[in-house]
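Student: Input structure: entry_18.txt, which contains compact mmCIF, C-alpha atoms and all ligand atoms.
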# COMPACT_ATOMS: atom_id res chain seq x y z
CA MET E 187 -19.33 27.36 16.70
CA ALA E 188 -20.58 26.28 13.25
CA GLU E 189 -20.40 22.53 12.71
CA THR E 190 -18.22 21.34 9.77
CA LYS E 191 -20.40 19.87 7.02
CA PRO E 192 -19.75 16.14 6.49
CA VAL E 193 -17.65 15.41 3.39
CA ARG E 194 -19.76 13.68 0.71
CA LEU E 195 -17.89 10.58 -0.44
CA ALA E 196 -18.57 7.88 -3.03
CA VAL E 197 -16.87 4.57 -3.83
CA ALA E 198 -16.07 3.06 -7.24
CA GLY E 199 -15.66 -0.74 -7.06
CA ALA E 200 -17.54 -2.70 -4.40
CA GLY E 201 -15.15 -5.67 -4.17
CA LEU E 202 -12.76 -6.74 -1.42
CA ILE E 203 -11.42 -3.32 -0.42
CA GLY E 204 -14.12 -1.05 -1.89
CA SER E 205 -16.84 -2.56 0.27
CA LYS E 206 -14.58 -2.07 3.28
CA HIS E 207 -14.08 1.61 2.42
CA ALA E 208 -17.83 2.02 1.96
CA ARG E 209 -18.60 0.51 5.39
CA LEU E 210 -15.91 2.69 6.98
CA ILE E 211 -17.29 5.88 5.40
CA ALA E 212 -20.78 4.91 6.55
CA THR E 213 -19.63 4.57 10.16
CA LEU E 214 -17.10 7.41 10.50
CA SER E 215 -18.21 10.87 11.62
CA GLY E 216 -17.15 13.78 9.41
CA CYS E 217 -18.06 12.03 6.18
CA HIS E 218 -21.16 10.76 4.48
CA LEU E 219 -21.50 7.92 1.94
CA VAL E 220 -23.54 9.19 -1.02
CA GLY E 221 -23.30 6.25 -3.42
CA ILE E 222 -21.44 3.26 -4.83
CA ALA E 223 -20.70 2.28 -8.43
CA ASP E 224 -19.69 -1.13 -9.74
CA VAL E 225 -19.92 -2.57 -13.26
CA ASP E 226 -21.07 -5.84 -11.70
CA ALA E 227 -24.69 -5.59 -10.51
CA SER E 228 -24.25 -8.57 -8.21
CA ARG E 229 -21.90 -6.40 -6.11
CA ASP E 230 -24.80 -4.25 -4.97
CA ALA E 231 -23.65 -3.85 -1.39
CA ALA E 232 -25.08 -0.35 -1.47
CA GLY E 233 -28.57 -1.54 -0.58
CA GLN E 234 -27.30 -2.78 2.77
CA LEU E 235 -25.79 0.61 3.46
CA GLY E 236 -28.90 2.50 2.40
CA VAL E 237 -27.24 4.43 -0.45
CA PRO E 238 -27.84 4.46 -4.23
CA PHE E 239 -25.99 1.95 -6.42
CA TYR E 240 -24.90 2.72 -9.99
CA LEU E 241 -23.45 0.59 -12.77
CA ASP E 242 -21.09 3.35 -13.91
CA VAL E 243 -19.03 6.00 -12.17
CA GLU E 244 -20.11 8.81 -14.51
CA THR E 245 -23.80 8.49 -13.58
CA LEU E 246 -22.88 8.24 -9.90
CA ILE E 247 -20.97 11.53 -10.12
CA GLU E 248 -23.70 13.21 -12.18
CA ARG E 249 -26.52 12.25 -9.81
CA GLU E 250 -24.83 12.44 -6.41
CA SER E 251 -22.18 15.18 -6.87
CA PRO E 252 -19.71 13.74 -4.36
CA ASP E 253 -16.87 15.94 -3.01
CA GLY E 254 -14.50 12.97 -3.11
CA LEU E 255 -14.43 9.44 -4.51
CA ILE E 256 -12.47 6.33 -3.57
CA VAL E 257 -11.21 4.36 -6.59
CA ALA E 258 -11.21 0.69 -5.56
CA THR E 259 -11.37 -0.97 -8.97
CA PRO E 260 -8.75 -3.13 -10.77
CA ASN E 261 -5.42 -1.31 -11.27
CA GLY E 262 -5.82 -0.91 -15.04
CA THR E 263 -9.05 1.10 -14.59
CA HIS E 264 -7.68 3.64 -12.07
CA ALA E 265 -6.49 6.20 -14.66
CA LEU E 266 -9.79 6.38 -16.57
CA ILE E 267 -11.84 6.79 -13.40
CA ALA E 268 -9.42 9.33 -11.90
CA GLU E 269 -9.52 11.41 -15.11
CA LEU E 270 -13.30 11.31 -15.09
CA CYS E 271 -13.33 12.55 -11.48
CA ALA E 272 -10.76 15.27 -12.21
CA LYS E 273 -12.89 16.65 -15.07
CA ARG E 274 -15.84 16.87 -12.64
CA SER E 275 -13.70 18.48 -9.88
CA VAL E 276 -14.04 15.45 -7.60
CA HIS E 277 -11.02 14.73 -5.38
CA VAL E 278 -9.85 11.10 -5.38
CA LEU E 279 -8.34 8.54 -3.07
CA ILE E 280 -6.90 5.96 -5.47
CA GLU E 281 -6.15 2.49 -4.16
CA LYS E 282 -2.58 1.31 -4.60
CA PRO E 283 -0.92 0.94 -7.01
CA ILE E 284 -1.84 4.31 -8.47
CA ALA E 285 -2.15 2.68 -11.92
CA ALA E 286 -0.91 -0.30 -13.91
CA SER E 287 1.71 1.68 -15.91
CA LEU E 288 3.82 4.83 -15.56
CA HIS E 289 2.06 6.27 -18.60
CA GLU E 290 -1.31 5.92 -16.84
CA ALA E 291 0.17 7.37 -13.64
CA ASP E 292 1.32 10.39 -15.70
CA GLN E 293 -2.20 10.78 -17.09
CA ILE E 294 -3.50 10.95 -13.50
CA VAL E 295 -0.86 13.53 -12.51
CA ASP E 296 -1.73 15.68 -15.56
CA ALA E 297 -5.50 15.44 -15.13
CA ALA E 298 -5.28 16.33 -11.43
CA GLU E 299 -2.99 19.31 -12.03
CA ARG E 300 -5.01 20.60 -14.98
CA ASN E 301 -8.28 20.44 -13.04
CA GLN E 302 -6.82 21.36 -9.65
CA VAL E 303 -8.12 18.30 -7.82
CA GLN E 304 -6.23 16.46 -5.13
CA VAL E 305 -5.08 12.85 -5.50
CA LEU E 306 -4.29 10.75 -2.45
CA VAL E 307 -2.82 7.29 -3.15
CA GLY E 308 -3.94 4.51 -0.81
CA HIS E 309 -0.62 3.40 0.64
CA HIS E 310 -2.41 3.09 3.96
CA ARG E 311 0.45 1.40 5.83
CA ARG E 312 2.16 4.77 6.15
CA TYR E 313 -0.55 5.69 8.69
CA ASN E 314 0.22 2.65 10.87
CA PRO E 315 1.96 3.82 14.09
CA LEU E 316 4.29 0.76 13.87
CA VAL E 317 5.51 1.85 10.43
CA GLN E 318 5.79 5.47 11.54
CA GLU E 319 7.85 4.52 14.62
CA THR E 320 10.10 2.28 12.51
CA ARG E 321 10.75 5.17 10.14
CA SER E 322 11.53 7.47 13.03
CA ILE E 323 13.99 4.94 14.57
CA VAL E 324 15.76 4.30 11.26
CA GLN E 325 15.91 7.97 10.26
CA SER E 326 16.98 9.24 13.71
CA GLY E 327 20.21 7.22 13.47
CA GLU E 328 19.39 5.18 16.59
CA LEU E 329 20.55 2.08 14.70
CA GLY E 330 23.59 3.93 13.34
CA ARG E 331 24.08 3.92 9.58
CA LEU E 332 21.49 1.73 7.85
CA VAL E 333 23.42 -1.26 6.50
CA ALA E 334 20.68 -3.55 5.20
CA VAL E 335 17.03 -4.53 5.44
CA SER E 336 15.52 -7.96 5.04
CA MET E 337 11.81 -8.50 4.40
CA MET E 338 9.66 -11.59 4.22
CA TRP E 339 6.14 -11.52 2.79
CA ALA E 340 4.82 -15.06 2.64
CA LEU E 341 1.29 -16.36 3.06
CA LEU E 342 -1.27 -18.57 1.38
CA LYS E 343 -3.98 -16.75 -0.56
CA PRO E 344 -7.24 -18.74 -0.55
CA ALA E 345 -8.19 -20.39 -3.87
CA GLU E 346 -11.19 -18.06 -4.37
CA TYR E 347 -8.87 -15.04 -4.40
CA TYR E 348 -7.85 -15.99 -7.93
CA GLU E 349 -11.44 -16.30 -9.15
CA ALA E 350 -11.17 -12.58 -10.04
CA GLU E 351 -9.66 -12.84 -13.50
CA TRP E 352 -7.78 -9.50 -13.39
CA ARG E 353 -5.63 -10.80 -10.52
CA CYS E 354 -4.32 -13.66 -12.70
CA ARG E 355 -2.98 -11.65 -15.63
CA ARG E 356 -0.95 -8.62 -16.65
CA PRO E 357 -1.10 -5.68 -16.67
CA ASP E 358 -3.07 -5.53 -13.39
CA GLY E 359 -2.38 -8.77 -11.53
CA GLY E 360 0.36 -10.55 -9.60
CA PRO E 361 1.75 -10.09 -6.09
CA ALA E 362 4.48 -7.62 -7.19
CA LEU E 363 1.87 -5.06 -8.26
CA ILE E 364 -0.96 -5.91 -5.87
CA ASN E 365 0.87 -6.83 -2.64
CA LEU E 366 4.59 -6.04 -2.73
CA ILE E 367 3.80 -2.49 -3.84
CA HIS E 368 3.09 -2.04 -0.09
CA GLU E 369 6.59 -3.28 0.79
CA PHE E 370 8.20 -1.06 -1.86
CA ASP E 371 6.31 1.98 -0.59
CA SER E 372 7.13 1.20 3.06
CA LEU E 373 10.80 0.71 2.17
CA ARG E 374 10.89 4.10 0.44
CA PHE E 375 9.07 5.70 3.40
CA ILE E 376 11.29 4.13 6.07
CA CYS E 377 14.72 3.79 4.42
CA GLY E 378 14.75 6.31 1.54
CA GLU E 379 14.78 6.05 -2.25
CA ILE E 380 15.55 2.74 -3.96
CA ARG E 381 18.35 2.99 -6.54
CA GLU E 382 18.32 -0.42 -8.22
CA VAL E 383 16.42 -3.74 -8.17
CA TYR E 384 17.38 -7.22 -9.37
CA ALA E 385 14.64 -9.83 -9.20
CA GLN E 386 13.69 -13.39 -10.03
CA SER E 387 10.24 -14.92 -9.93
CA SER E 388 8.49 -18.25 -10.17
CA CYS E 389 4.97 -19.34 -11.06
CA ALA E 390 5.74 -23.02 -10.43
CA THR E 391 3.29 -23.47 -7.53
CA ARG E 392 0.09 -21.78 -8.73
CA LYS E 393 0.89 -22.09 -12.46
CA LEU E 394 -0.96 -18.86 -13.30
CA GLY E 395 -0.06 -16.15 -15.83
CA VAL E 396 1.50 -14.11 -13.02
CA GLU E 397 4.25 -14.88 -10.50
CA ASP E 398 3.43 -16.54 -7.17
CA SER E 399 6.90 -16.16 -5.65
CA LEU E 400 9.72 -13.64 -5.90
CA SER E 401 13.22 -13.01 -4.69
CA ILE E 402 14.31 -9.38 -4.96
CA ALA E 403 17.66 -7.72 -4.26
CA LEU E 404 17.59 -3.94 -3.79
CA SER E 405 20.03 -1.13 -3.22
CA PHE E 406 19.18 2.27 -1.77
CA ALA E 407 20.45 5.73 -2.68
CA ASN E 408 21.98 5.96 0.83
CA GLY E 409 24.12 2.86 0.16
CA ALA E 410 22.07 0.36 2.19
CA LEU E 411 21.19 -3.04 0.69
CA GLY E 412 17.92 -4.93 0.90
CA SER E 413 16.28 -8.22 0.10
CA ILE E 414 12.70 -9.39 -0.14
CA VAL E 415 11.51 -12.99 -0.30
CA ALA E 416 7.85 -13.19 -1.18
CA SER E 417 5.24 -15.80 -1.98
CA ASP E 418 1.46 -15.96 -1.96
CA ALA E 419 1.46 -19.75 -2.23
CA THR E 420 2.85 -20.91 1.11
CA PRO E 421 1.34 -21.28 4.60
CA SER E 422 3.52 -18.97 6.67
CA PRO E 423 3.10 -16.52 9.56
CA TRP E 424 5.80 -14.19 8.15
CA SER E 425 3.90 -11.50 6.32
CA TYR E 426 3.05 -7.91 7.28
CA GLU E 427 -0.62 -8.88 7.45
CA ALA E 428 -0.16 -11.87 9.78
CA ALA E 429 2.55 -10.26 11.91
CA THR E 430 0.94 -6.85 12.53
CA GLY E 431 -2.64 -8.09 12.92
CA GLU E 432 -3.61 -4.80 11.27
CA ASN E 433 -6.54 -6.41 9.44
CA PRO E 434 -8.72 -8.77 11.53
CA HIS E 435 -9.58 -10.70 8.33
CA TYR E 436 -6.09 -12.28 8.42
CA PHE E 437 -4.71 -14.89 10.81
CA HIS E 438 -2.61 -13.03 13.37
CA ALA E 439 0.74 -14.49 14.48
CA GLU E 440 2.98 -12.57 16.84
CA GLU E 441 6.04 -12.90 14.61
CA ASN E 442 8.50 -10.53 12.99
CA CYS E 443 8.62 -10.13 9.23
CA TYR E 444 11.06 -7.25 8.56
CA TYR E 445 14.59 -6.75 9.92
CA PHE E 446 16.42 -3.40 9.83
CA LEU E 447 20.18 -3.71 10.34
CA GLY E 448 22.29 -0.70 11.33
CA SER E 449 25.95 -0.17 12.20
CA LEU E 450 25.00 0.26 15.90
CA GLY E 451 22.01 -2.01 16.30
CA SER E 452 19.11 -3.85 14.70
CA LEU E 453 15.35 -3.67 14.79
CA ALA E 454 12.84 -6.47 14.23
CA PHE E 455 9.40 -5.39 12.98
CA PRO E 456 6.55 -5.42 14.06
CA ARG E 457 7.47 -6.67 17.53
CA MET E 458 9.72 -3.59 17.66
CA GLU E 459 12.60 -5.51 19.23
CA MET E 460 15.81 -3.53 19.25
CA TRP E 461 19.17 -5.32 19.67
CA ARG E 462 22.23 -3.27 20.76
CA TYR E 463 25.36 -3.52 22.88
CA ALA E 464 25.19 -2.03 26.38
CA ASN E 465 25.91 1.70 26.57
CA ASN E 466 29.69 2.24 26.63
CA GLY E 467 30.05 -1.57 26.75
CA PRO E 468 32.36 -3.64 24.55
CA SER E 469 31.21 -4.61 21.06
CA GLY E 470 31.96 -7.59 18.83
CA TRP E 471 30.36 -10.97 18.23
CA GLN E 472 31.64 -12.48 21.50
CA HIS E 473 29.79 -9.84 23.58
CA PRO E 474 26.13 -10.08 24.54
CA LEU E 475 23.56 -7.91 22.81
CA GLU E 476 20.79 -6.36 24.86
CA LYS E 477 17.21 -6.60 23.66
CA SER E 478 14.73 -3.80 24.33
CA ARG E 479 11.20 -3.41 23.07
CA CYS E 480 9.22 -0.26 22.40
CA GLU E 481 5.50 -0.42 23.00
CA ILE E 482 3.34 1.14 20.33
CA THR E 483 -0.35 1.84 20.69
CA LYS E 484 -2.03 0.26 17.71
CA SER E 485 -4.64 2.02 15.60
CA ASP E 486 -6.38 1.28 12.30
CA PRO E 487 -4.46 2.95 9.43
CA LEU E 488 -7.47 2.75 7.08
CA VAL E 489 -9.39 4.98 9.49
CA ALA E 490 -6.47 7.44 9.73
CA GLN E 491 -6.20 7.45 5.92
CA LEU E 492 -9.91 8.20 5.52
CA GLN E 493 -9.77 11.00 8.10
CA HIS E 494 -6.78 12.47 6.24
CA PHE E 495 -8.67 12.20 2.91
CA CYS E 496 -11.59 14.14 4.45
CA ARG E 497 -9.20 16.92 5.51
CA VAL E 498 -7.66 16.91 2.00
CA VAL E 499 -11.12 17.25 0.42
CA ARG E 500 -11.95 20.12 2.80
CA GLY E 501 -8.71 21.83 1.72
CA GLU E 502 -7.23 21.64 5.23
CA GLU E 503 -4.27 19.41 4.29
CA LEU E 504 -2.31 18.41 1.20
CA PRO E 505 -2.20 14.68 0.36
CA LEU E 506 0.54 12.87 2.33
CA ILE E 507 1.01 10.52 -0.64
CA ASP E 508 0.18 12.44 -3.80
CA ALA E 509 0.08 11.12 -7.37
CA ARG E 510 3.80 11.75 -8.01
CA GLU E 511 4.70 9.90 -4.80
CA GLY E 512 2.40 7.01 -5.73
CA ARG E 513 4.06 6.94 -9.15
CA ARG E 514 7.52 6.51 -7.55
CA SER E 515 6.38 3.41 -5.63
CA LEU E 516 4.74 2.05 -8.80
CA ALA E 517 8.04 2.61 -10.63
CA VAL E 518 9.78 0.25 -8.18
CA ALA E 519 7.19 -2.50 -8.77
CA LEU E 520 7.48 -2.10 -12.55
CA ALA E 521 11.29 -2.12 -12.35
CA VAL E 522 11.05 -5.45 -10.48
CA LEU E 523 8.89 -6.89 -13.27
CA GLU E 524 11.27 -5.50 -15.90
CA SER E 525 14.25 -7.04 -14.09
CA ILE E 526 12.51 -10.44 -14.08
CA GLU E 527 11.77 -10.13 -17.79
CA ARG E 528 15.25 -8.96 -18.82
CA GLN E 529 17.13 -11.06 -16.21
CA GLN E 530 19.18 -7.97 -15.40
CA PRO E 531 19.41 -5.35 -12.64
CA VAL E 532 17.22 -2.32 -13.37
CA PRO E 533 18.23 1.16 -12.12
CA LEU E 534 15.58 3.59 -10.90
CA SER E 535 17.52 6.81 -11.38
CA SER E 536 15.53 7.95 -14.38
CA VAL E 537 12.00 7.62 -12.94
N1 LIG E 601 -4.99 -1.04 0.41
C1 LIG E 601 -5.12 -2.34 0.45
O1 LIG E 601 -4.71 -3.01 1.38
C2 LIG E 601 -5.79 -3.04 -0.71
C3 LIG E 601 -6.34 -4.32 -0.51
C4 LIG E 601 -6.96 -4.95 -1.59
C5 LIG E 601 -7.00 -4.33 -2.84
N2 LIG E 601 -6.41 -3.10 -3.00
C6 LIG E 601 -6.45 -2.44 -4.32
O2 LIG E 601 -7.80 -2.06 -4.55
C7 LIG E 601 -8.17 -2.25 -5.91
C8 LIG E 601 -9.32 -3.25 -5.98
O3 LIG E 601 -8.90 -4.49 -5.48
P1 LIG E 601 -9.94 -5.57 -4.89
O4 LIG E 601 -9.10 -6.67 -4.34
O5 LIG E 601 -10.94 -4.90 -4.02
O6 LIG E 601 -10.63 -6.04 -6.25
P2 LIG E 601 -12.01 -6.82 -6.45
O7 LIG E 601 -11.87 -7.59 -7.70
O8 LIG E 601 -12.40 -7.53 -5.20
O9 LIG E 601 -13.04 -5.62 -6.65
C9 LIG E 601 -12.95 -4.72 -7.74
C10 LIG E 601 -14.38 -4.30 -8.11
O10 LIG E 601 -14.31 -3.29 -9.11
C11 LIG E 601 -15.36 -3.50 -10.03
N3 LIG E 601 -15.04 -2.80 -11.27
C12 LIG E 601 -14.21 -3.18 -12.28
N4 LIG E 601 -14.13 -2.20 -13.22
C13 LIG E 601 -14.92 -1.19 -12.79
C14 LIG E 601 -15.26 0.10 -13.32
N5 LIG E 601 -14.74 0.53 -14.46
N6 LIG E 601 -16.12 0.87 -12.60
C15 LIG E 601 -16.68 0.44 -11.43
N7 LIG E 601 -16.40 -0.78 -10.90
C16 LIG E 601 -15.53 -1.57 -11.56
C17 LIG E 601 -15.46 -5.02 -10.15
O11 LIG E 601 -16.70 -5.45 -10.66
C18 LIG E 601 -15.22 -5.44 -8.71
O12 LIG E 601 -16.44 -5.56 -7.99
C19 LIG E 601 -6.89 -2.72 -6.61
O13 LIG E 601 -6.23 -1.59 -7.13
C20 LIG E 601 -6.07 -3.34 -5.49
O14 LIG E 601 -4.68 -3.31 -5.75
C21 LIG E 601 -5.85 -2.45 -1.95
As structure tokens, what does this structure read like?
Tutor:
Amino acid sequence: MAETKPVRLAVAGAGLIGSKHARLIATLSGCHLVGIADVDASRDAAGQLGVPFYLDVETLIERESPDGLIVATPNGTHALIAELCAKRSVHVLIEKPIAASLHEADQIVDAAERNQVQVLVGHHRRYNPLVQETRSIVQSGELGRLVAVSMMWALLKPAEYYEAEWRCRRPDGGPALINLIHEFDSLRFICGEIREVYAQSSCATRKLGVEDSLSIALSFANGALGSIVASDATPSPWSYEAATGENPHYFHAEENCYYFLGSLGSLAFPRMEMWRYANNGPSGWQHPLEKSRCEITKSDPLVAQLQHFCRVVRGEELPLIDAREGRRSLAVALAVLESIERQQPVPLSSV
């Protein structure tokens, strides 16, 4: 049988996540790292990986002709790079959020459709078996009708994190766009579309040009309610990163950080603890709840995402999270920022 040719991949942006993607491509079978581009020459991680390094994406594409490219640059640069790739028929995996504005997200959708290239948006948590199992439990009705969901995302970012200037200012920076976009996307994936958001924020701890803490009330199209408390300025074990241990770079604490509440039972994530009354037993607050736990085999979602991207580039699969889907999750993050600005609830029906 003929062997499948490795997919030729390149990376734009050799920072925190781009260098991780590059290392992953270099080690995974089925793909081949052909080059890295970064506007900052001091980011030349390419030498260590034995591939060419370029100071601009255009020259990288011209010289190396990749089949696909991972966009791991600041949010506000995603649209320009994606359009460049689309014109050269290069498929893209764009890190989340898809862009910094809905207008830029629309430019990506248009460019991809016009040039018939595929766009996969890097909401990698959707490939995590814990997230997939949670979605399946919630959507199967095992918890009954979804009543509410409560999420906590709280941790302390190290001081050097904010040395990158783009993270400290709009339009690209701030935890709503950089971090909570993951929570918004997971909520949409697990619970369904979000109908309205009402949010408050504070920058009182870090005193930067972007929020460090948020409190967000949400309602879903299916009638469920939700709340998120978030902060990147507090030592806490209650974040997706700490609780799931998905990324070994983070401190791992075996805690829960999300709670899904249904009319028949509740689920704590990521320990996957389900609380219900005994089968055919009496219900009501005076009766004991039984706790069960489902065991999930863990796997690295970034690897699963990259394998999926390779199949997308080969034309074997369509993107699981395409540009329009990425745009919907971005719309939630932007509605949260708009709600903070206007001090009013913001509906999402029109996006
Ligand atoms: N999926 C995840 O879990 C995850 C984690 C971190 C970051 N991200 C996303 O990845 C993107 C990058 O974030 P980061 O934390 O790695 O940022 P970073 O600041 O660490 O790295 C960004 C790099 O892009 C380079 N760059 C800037 N403009 C460029 C251009 N036009 N062409 C080429 N290179 C350019 C910078 O010099 C820098 O080296 C953001 O969109 C962010 O939201 C995703």
Student: Mind giving me the straight-line distance from atom CA of Ile507 of chain E to atom CA of Val307 of chain E in Å, one decimal?
Tutor: 5.6 Å
Student: Find the spatial neighbours of Val276 of chain E, counting only C-alpha atoms, within a cut-off of 10 Å - ignore same-chain residues fewer than 5 positions away - and output them as an NGL selection string.
Tutor: :E and (195-196 or 247 or 251-255 or 268-271 or 298 or 301-305 or 499)
Student: Counting only C-alpha atoms and all ligand atoms, which residues in chain E sit no more than 6 Å from ligand LIG 601 (chain E)? For each one, give the nearest pair of atoms and the distance in Å, sorted by chain then residue number, as CSV.
Tutor:
residue,atom,partner,partner_atom,distance
E:Ala198,CA,E:LIG601,C15,5.0
E:Gly199,CA,E:LIG601,O10,3.5
E:Ala200,CA,E:LIG601,O12,4.7
E:Gly201,CA,E:LIG601,O9,3.3
E:Leu202,CA,E:LIG601,O5,3.7
E:Ile203,CA,E:LIG601,O5,4.0
E:Gly204,CA,E:LIG601,O5,5.4
E:Ala223,CA,E:LIG601,C15,5.3
E:Asp224,CA,E:LIG601,N7,3.5
E:Val225,CA,E:LIG601,N7,4.6
E:Asp226,CA,E:LIG601,O11,4.5
E:Arg229,CA,E:LIG601,O12,5.8
E:Asp242,CA,E:LIG601,N6,5.7
E:Val243,CA,E:LIG601,N6,5.9
E:Ala258,CA,E:LIG601,C7,4.2
E:Thr259,CA,E:LIG601,O10,3.7
E:Pro260,CA,E:LIG601,C19,4.6
E:Asn261,CA,E:LIG601,O13,4.2
E:Thr263,CA,E:LIG601,N5,5.7
E:Glu281,CA,E:LIG601,O2,4.9
E:Lys282,CA,E:LIG601,O14,5.2
E:Pro283,CA,E:LIG601,O14,5.8
E:Gly308,CA,E:LIG601,N1,5.8
E:Ala350,CA,E:LIG601,O7,5.6
E:Ile364,CA,E:LIG601,O14,4.5
Student: Go ahead and compute the interatomic distance for atom CA of Leu520 of chain E and atom CA of Val532 of chain E, in Å to one decimal.
Tutor: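 Interatomic distance here is 9.8 Å.
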Student: Mind listing whatever residues come within 10 Å of the point (20.9, 3.9, 12.8)? Use all atoms listed in the file, file coordinates, and give them as a list in words.
Tutor: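 Neighbouring residues, ordered by chain and number, come to Ile323, Val324, Gln325, Ser326, Gly327, Glu328, Leu329, Gly330, Arg331, Leu332, Val333, Phe446, Leu447, Gly448, Ser449, Leu450, Gly451, Ser452 and Leu453 of chain E.
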Student: Quick one: of E:Tyr463, E:Trp471, E:Phe455, E:Phe406, who's nearest to Ile380 of chain E, counting only C-alpha atoms?
Tutor: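 Ranked by minimum distance to Ile380 of chain E, first place goes to E:Phe406.
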Student: Just the residues within 8 Å of Ile376 of chain E, please, counting all atoms listed in the file, with nothing from its chain fewer than 3 positions along; format it as a PDB file with C-alpha atoms, in the frame of the given file.
Tutor:
ATOM      1  CA  VAL E 317       5.510   1.850  10.430  1.00  0.00           C
ATOM      2  CA  GLN E 318       5.790   5.470  11.540  1.00  0.00           C
ATOM      3  CA  THR E 320      10.100   2.280  12.510  1.00  0.00           C
ATOM      4  CA  ARG E 321      10.750   5.170  10.140  1.00  0.00           C
ATOM      5  CA  SER E 322      11.530   7.470  13.030  1.00  0.00           C
ATOM      6  CA  VAL E 324      15.760   4.300  11.260  1.00  0.00           C
ATOM      7  CA  GLN E 325      15.910   7.970  10.260  1.00  0.00           C
ATOM      8  CA  SER E 372       7.130   1.200   3.060  1.00  0.00           C
ATOM      9  CA  LEU E 373      10.800   0.710   2.170  1.00  0.00           C
TER      10      LEU E 373
END
Student: Could you please determine the separation between atom CA of Gly236 of chain E and atom CA of Gly501 of chain E in Å, to one decimal place?
Tutor: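 Rounded to one decimal, the two atoms are 28.0 Å apart.
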Student: So that I can see what lies close to Arg479 of chain E, please list as a list in words the residues with an atom at most 12 Å from it, counting only C-alpha atoms and leaving out residues fewer than 3 positions away in the same chain.
Tutor: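 So the residues in contact are Ser452, Leu453, Ala454, Phe455, Pro456, Arg457, Met458, Glu459, Met460, Trp461, Arg462, Glu476 and Ile482 of chain E.
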Student: Identify which of the residues E:Ala410, E:Cys377, E:Leu235, E:Leu394 lies closest to Arg356 of chain E, counting all atoms listed in the file when measuring atom-to-atom distances.
Tutor: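 Looking at the shortest contact to Arg356 of chain E, the residue is E:Leu394.
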Student: Nearest to Gly359 of chain E among E:Ser413, E:Leu475, E:Lys273, E:Gly262, with distances taken over only C-alpha atoms: which residue is it?
Tutor: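 For Gly359 of chain E, the nearest of the given residues is E:Gly262.
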Student: Which neighbours of Pro421 of chain E fall inside 10 Å, counting only C-alpha atoms, when residues of the same chain fewer than 4 positions from it are skipped, and could you give them as number ranges by chain?
Tutor: E: 340-343, 417
Student: For Ile211 of chain E, find every residue with an atom within 8 Å (counting only C-alpha atoms), except residues of its own chain fewer than 5 positions away, and show them as a list in words.
Tutor: Leu195, Cys217, His218, Leu219 and Leu492 of chain E
